[in-house]
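What follows is one structure encoded as structure tokens, with my remarks underneath.
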Amino acid sequence: MSRATELNDGRSTEGQKSAAPQAKKANLGFGRTFTSHMFVMEWTKDRGWHSQRIEPYGSLTLDPAAAVLHYGQALFEGLKAFKTRDGRIVMFRPDRHFKRMKEGAARLVMPEIDSDTVMKWLVELVTKDRNWVPSEPSTALYIRPTLVATEPFLGVRPSESYLFLIIMSPVEPLYGLTPRPLKLWAETKYVRAAPGGLGASKTAANYVASLAGSVAAKSKGFDQVIWLDAIERKYVEEVGTMNLFAVIDGELVTPPLGDTILPGVTRDSILTLAKEWGLRASQRRISLEEIVAADRSAKLQEIFGCGTAAVLSRVGQLAGDGFDIALPMRDGSYAQRFYDAITNVQYGLAPDTHGWLKEVRQG
């Protein structure tokens, strides 16, 4: 694989990097501005991982026959770095993210990434571009590790060469700094993932599979979809690109992990806190019918989604064929309590009692 030597020209246009670091910037949006540098390394069958380096953010050149373009061997992660109240830079649970990426690489028959080595390079990358970490409330530096197949060939088998890279972007939460409650449509035609498939890995294929359903929901006036299982179209699984939680008659419920649900880092953090707080929490299958019945009996208290990009997003409306549920905001909601607990740790407003933060030592 060859790499382009010419870089983006530094114009502040969508999808390109800005001309200069801006630690404070209004209207960052999500994933539209990129930092000055990126980490890159390559893998070949005969050499393994090699050519590790940090270099200026720039374009890539792929052979038109590169395997990723034809057979979809593409995997990524998403984590964040934060500027704390006292000026430190910390990353939230990066070890957990790289563990998930390692498991995803195995599922896609891609080479294993050494988490310790990549972590050292990531710390160096964040340190180098530390002025890009925004300090405004609720903002962060989003970190996107990506692994793609690069061997030029036409034939269905695992590639024999790969590119791993990390790019970074200063962001607001996915749904904005003051997000309104989400409006969801219960999708019954399309599915996100099927048993035996790729649903438990953060693959590009999972996200392109979700587009038709989300576009259809938006055409009806909704923000996203609530995904149902692929077999019976009965059990709820995820909210858009987030893990799902519901509170029914004082019970916090989330679907159990399996090969159709991504093992979310925020999801795991919520379950850890729920156990410590003595909340009644269950990982069990929950049907759409149960949610509708709980609403009719006034036992449905709230629904929310969670993930790295959005942290937590409350659902204000859930509709589908034959039902329309309104979920007004309640004082002392589970969603708000979990959101405050997690973000207070991320921004250094509460002690990190779980060892979730990795500090980036500033040079």
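Identifiers in the structure tokens: chain A, B, ... in order shown; residue index from 1 per chain; ligand index from 1 in order shown.
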
Item checked: Shell around Leu79 in chain A at 8 Å using only C-alpha atoms, local window under 6 positions removed, as a VMD selection string -> chain A and resid 91 to 94 97 142 to 144 308 to 309

Please produce a file of the residues just selected, as a JSON list (two decimals), in the first residue's frame, where the atoms kept are C-alpha atoms.
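Output (result09.json):
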[["chain", "number", "residue", "atom", "x", "y", "z"],
["A", 91, "MET", "CA", -8.97, 9.28, 28.81],
["A", 92, "PHE", "CA", -12.03, 7.30, 29.90],
["A", 93, "ARG", "CA", -11.54, 3.52, 30.04],
["A", 94, "PRO", "CA", -9.21, 3.21, 27.01],
["A", 97, "HIS", "CA", -12.04, -0.03, 24.28],
["A", 142, "TYR", "CA", -13.08, 12.02, 20.38],
["A", 143, "ILE", "CA", -10.51, 9.35, 19.48],
["A", 144, "ARG", "CA", -11.12, 7.03, 16.52],
["A", 308, "THR", "CA", -19.38, 6.95, 24.11],
["A", 309, "ALA", "CA", -20.47, 9.55, 21.54]]

Report as CSV: every residue of range 235-352 of chain A with an atom at most 12 Å from range 168-175 of chain A, its closest pair of atoms, and their distance in Å to one decimal, counting only C-alpha atoms, with rows sorted by chain and ascending residue number.
residue,atom,partner,partner_atom,distance
A:Thr241,CA,A:Leu174,CA,10.9
A:Met242,CA,A:Leu174,CA,11.1
A:Gly305,CA,A:Tyr175,CA,11.7
A:Cys306,CA,A:Leu174,CA,10.9
A:Gly307,CA,A:Leu174,CA,9.7
A:Thr308,CA,A:Pro173,CA,8.9
A:Ala309,CA,A:Leu174,CA,5.4
A:Ala310,CA,A:Leu174,CA,4.7
A:Val311,CA,A:Pro173,CA,7.3
A:Leu312,CA,A:Pro173,CA,9.3
A:Ser313,CA,A:Tyr175,CA,8.0
A:Arg314,CA,A:Tyr175,CA,10.8
A:Thr343,CA,A:Pro173,CA,11.4

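Of the residues in range 236-274 of chain A, those given helix (DSSP H, G or I) by DSSP on the backbone are Val265, Thr266, Arg267, Asp268, Ser269, Ile270, Leu271, Thr272, Leu273 and Ala274 of chain A.
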
Can you tell me, as a PDB file with N, CA and C atoms, in the first residue's frame, what residues are no more than 10 Å from Met101 in chain A when counting only C-alpha atoms, ignoring any on the same chain fewer than 5 positions away?
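Everything below was put into around06.pdb:
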ATOM      1  N   LEU A  75     -12.845  -2.228  10.856  1.00  0.00           N
ATOM      2  CA  LEU A  75     -13.183  -2.257  12.278  1.00  0.00           C
ATOM      3  C   LEU A  75     -12.740  -0.941  12.894  1.00  0.00           C
ATOM      4  N   PHE A  76     -13.501  -0.430  13.864  1.00  0.00           N
ATOM      5  CA  PHE A  76     -13.076   0.812  14.501  1.00  0.00           C
ATOM      6  C   PHE A  76     -13.501   0.839  15.949  1.00  0.00           C
ATOM      7  N   GLU A  77     -12.996   1.825  16.668  1.00  0.00           N
ATOM      8  CA  GLU A  77     -13.367   2.078  18.058  1.00  0.00           C
ATOM      9  C   GLU A  77     -13.656   3.559  18.223  1.00  0.00           C
ATOM     10  N   GLY A  78     -14.217   3.913  19.370  1.00  0.00           N
ATOM     11  CA  GLY A  78     -14.471   5.314  19.677  1.00  0.00           C
ATOM     12  C   GLY A  78     -14.346   5.529  21.172  1.00  0.00           C
ATOM     13  N   ASP A  95      -8.500   1.137  28.090  1.00  0.00           N
ATOM     14  CA  ASP A  95      -8.174  -0.292  28.094  1.00  0.00           C
ATOM     15  C   ASP A  95      -9.365  -1.134  27.675  1.00  0.00           C
ATOM     16  N   ARG A  96     -10.543  -0.756  28.123  1.00  0.00           N
ATOM     17  CA  ARG A  96     -11.762  -1.491  27.771  1.00  0.00           C
ATOM     18  C   ARG A  96     -12.054  -1.381  26.275  1.00  0.00           C
ATOM     19  N   ALA A 106     -10.431 -10.341  15.991  1.00  0.00           N
ATOM     20  CA  ALA A 106     -10.474 -11.799  15.885  1.00  0.00           C
ATOM     21  C   ALA A 106     -11.709 -12.249  15.109  1.00  0.00           C
ATOM     22  N   ARG A 107     -12.851 -11.585  15.355  1.00  0.00           N
ATOM     23  CA  ARG A 107     -14.094 -11.956  14.659  1.00  0.00           C
ATOM     24  C   ARG A 107     -13.989 -11.694  13.167  1.00  0.00           C
ATOM     25  N   GLU A 112      -4.108  -9.297  15.404  1.00  0.00           N
ATOM     26  CA  GLU A 112      -4.271  -8.797  16.767  1.00  0.00           C
ATOM     27  C   GLU A 112      -3.432  -7.556  16.990  1.00  0.00           C
ATOM     28  N   ILE A 113      -4.003  -6.612  17.702  1.00  0.00           N
ATOM     29  CA  ILE A 113      -3.304  -5.371  18.041  1.00  0.00           C
ATOM     30  C   ILE A 113      -2.826  -5.471  19.477  1.00  0.00           C
ATOM     31  N   SER A 115      -2.371  -4.093  22.770  1.00  0.00           N
ATOM     32  CA  SER A 115      -3.000  -2.950  23.430  1.00  0.00           C
ATOM     33  C   SER A 115      -1.979  -2.059  24.125  1.00  0.00           C
ATOM     34  N   PRO A 145      -9.707   4.995  16.691  1.00  0.00           N
ATOM     35  CA  PRO A 145      -8.811   3.982  16.122  1.00  0.00           C
ATOM     36  C   PRO A 145      -9.544   3.219  15.012  1.00  0.00           C
ATOM     37  N   THR A 146      -8.849   2.894  13.954  1.00  0.00           N
ATOM     38  CA  THR A 146      -9.464   2.227  12.808  1.00  0.00           C
ATOM     39  C   THR A 146      -8.508   1.198  12.227  1.00  0.00           C
ATOM     40  N   LEU A 147      -9.038   0.060  11.839  1.00  0.00           N
ATOM     41  CA  LEU A 147      -8.243  -1.023  11.241  1.00  0.00           C
ATOM     42  C   LEU A 147      -8.922  -1.453   9.951  1.00  0.00           C
ATOM     43  N   SER A 201     -19.460  -6.705  17.428  1.00  0.00           N
ATOM     44  CA  SER A 201     -18.193  -6.041  17.082  1.00  0.00           C
ATOM     45  C   SER A 201     -18.482  -4.689  16.439  1.00  0.00           C
ATOM     46  N   LYS A 202     -17.551  -3.765  16.607  1.00  0.00           N
ATOM     47  CA  LYS A 202     -17.753  -2.405  16.083  1.00  0.00           C
ATOM     48  C   LYS A 202     -17.223  -2.351  14.648  1.00  0.00           C
ATOM     49  N   THR A 203     -17.945  -3.025  13.777  1.00  0.00           N
ATOM     50  CA  THR A 203     -17.544  -3.115  12.386  1.00  0.00           C
ATOM     51  C   THR A 203     -18.267  -2.071  11.544  1.00  0.00           C
TER      52      THR A 203
END

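Take CA of Leu165 in chain A and CA of Arg130 in chain A: the distance between them is 18.0 Å.
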
Checklist line | Nearest to Val265 in chain A, chosen from A:Asp129, A:Phe98, A:Val109, A:Gly197, with only C-alpha atoms counted in the distances | finding: A:Phe98

Please, which residues in range 207-298 of chain A fall within 10 Å of range 320-336 of chain A when counting only C-alpha atoms, and what is the closest atom pair and distance in Å to one decimal for each, ordered by chain then residue number, as CSV?
residue,atom,partner,partner_atom,distance
A:Val225,CA,A:Gly320,CA,9.7
A:Ile226,CA,A:Gly320,CA,9.6
A:Phe245,CA,A:Ala335,CA,9.0
A:Ala246,CA,A:Tyr334,CA,9.4
A:Val247,CA,A:Tyr334,CA,7.9
A:Gly250,CA,A:Tyr334,CA,9.7
A:Leu252,CA,A:Tyr334,CA,8.4
A:Ile270,CA,A:Ala335,CA,9.6
A:Ala274,CA,A:Tyr334,CA,9.5
A:Leu279,CA,A:Tyr334,CA,10.0
A:Leu288,CA,A:Gly320,CA,9.7
A:Ile291,CA,A:Ile325,CA,9.3
A:Val292,CA,A:Phe323,CA,7.6
A:Asp295,CA,A:Ile325,CA,7.1
A:Arg296,CA,A:Ile325,CA,9.0
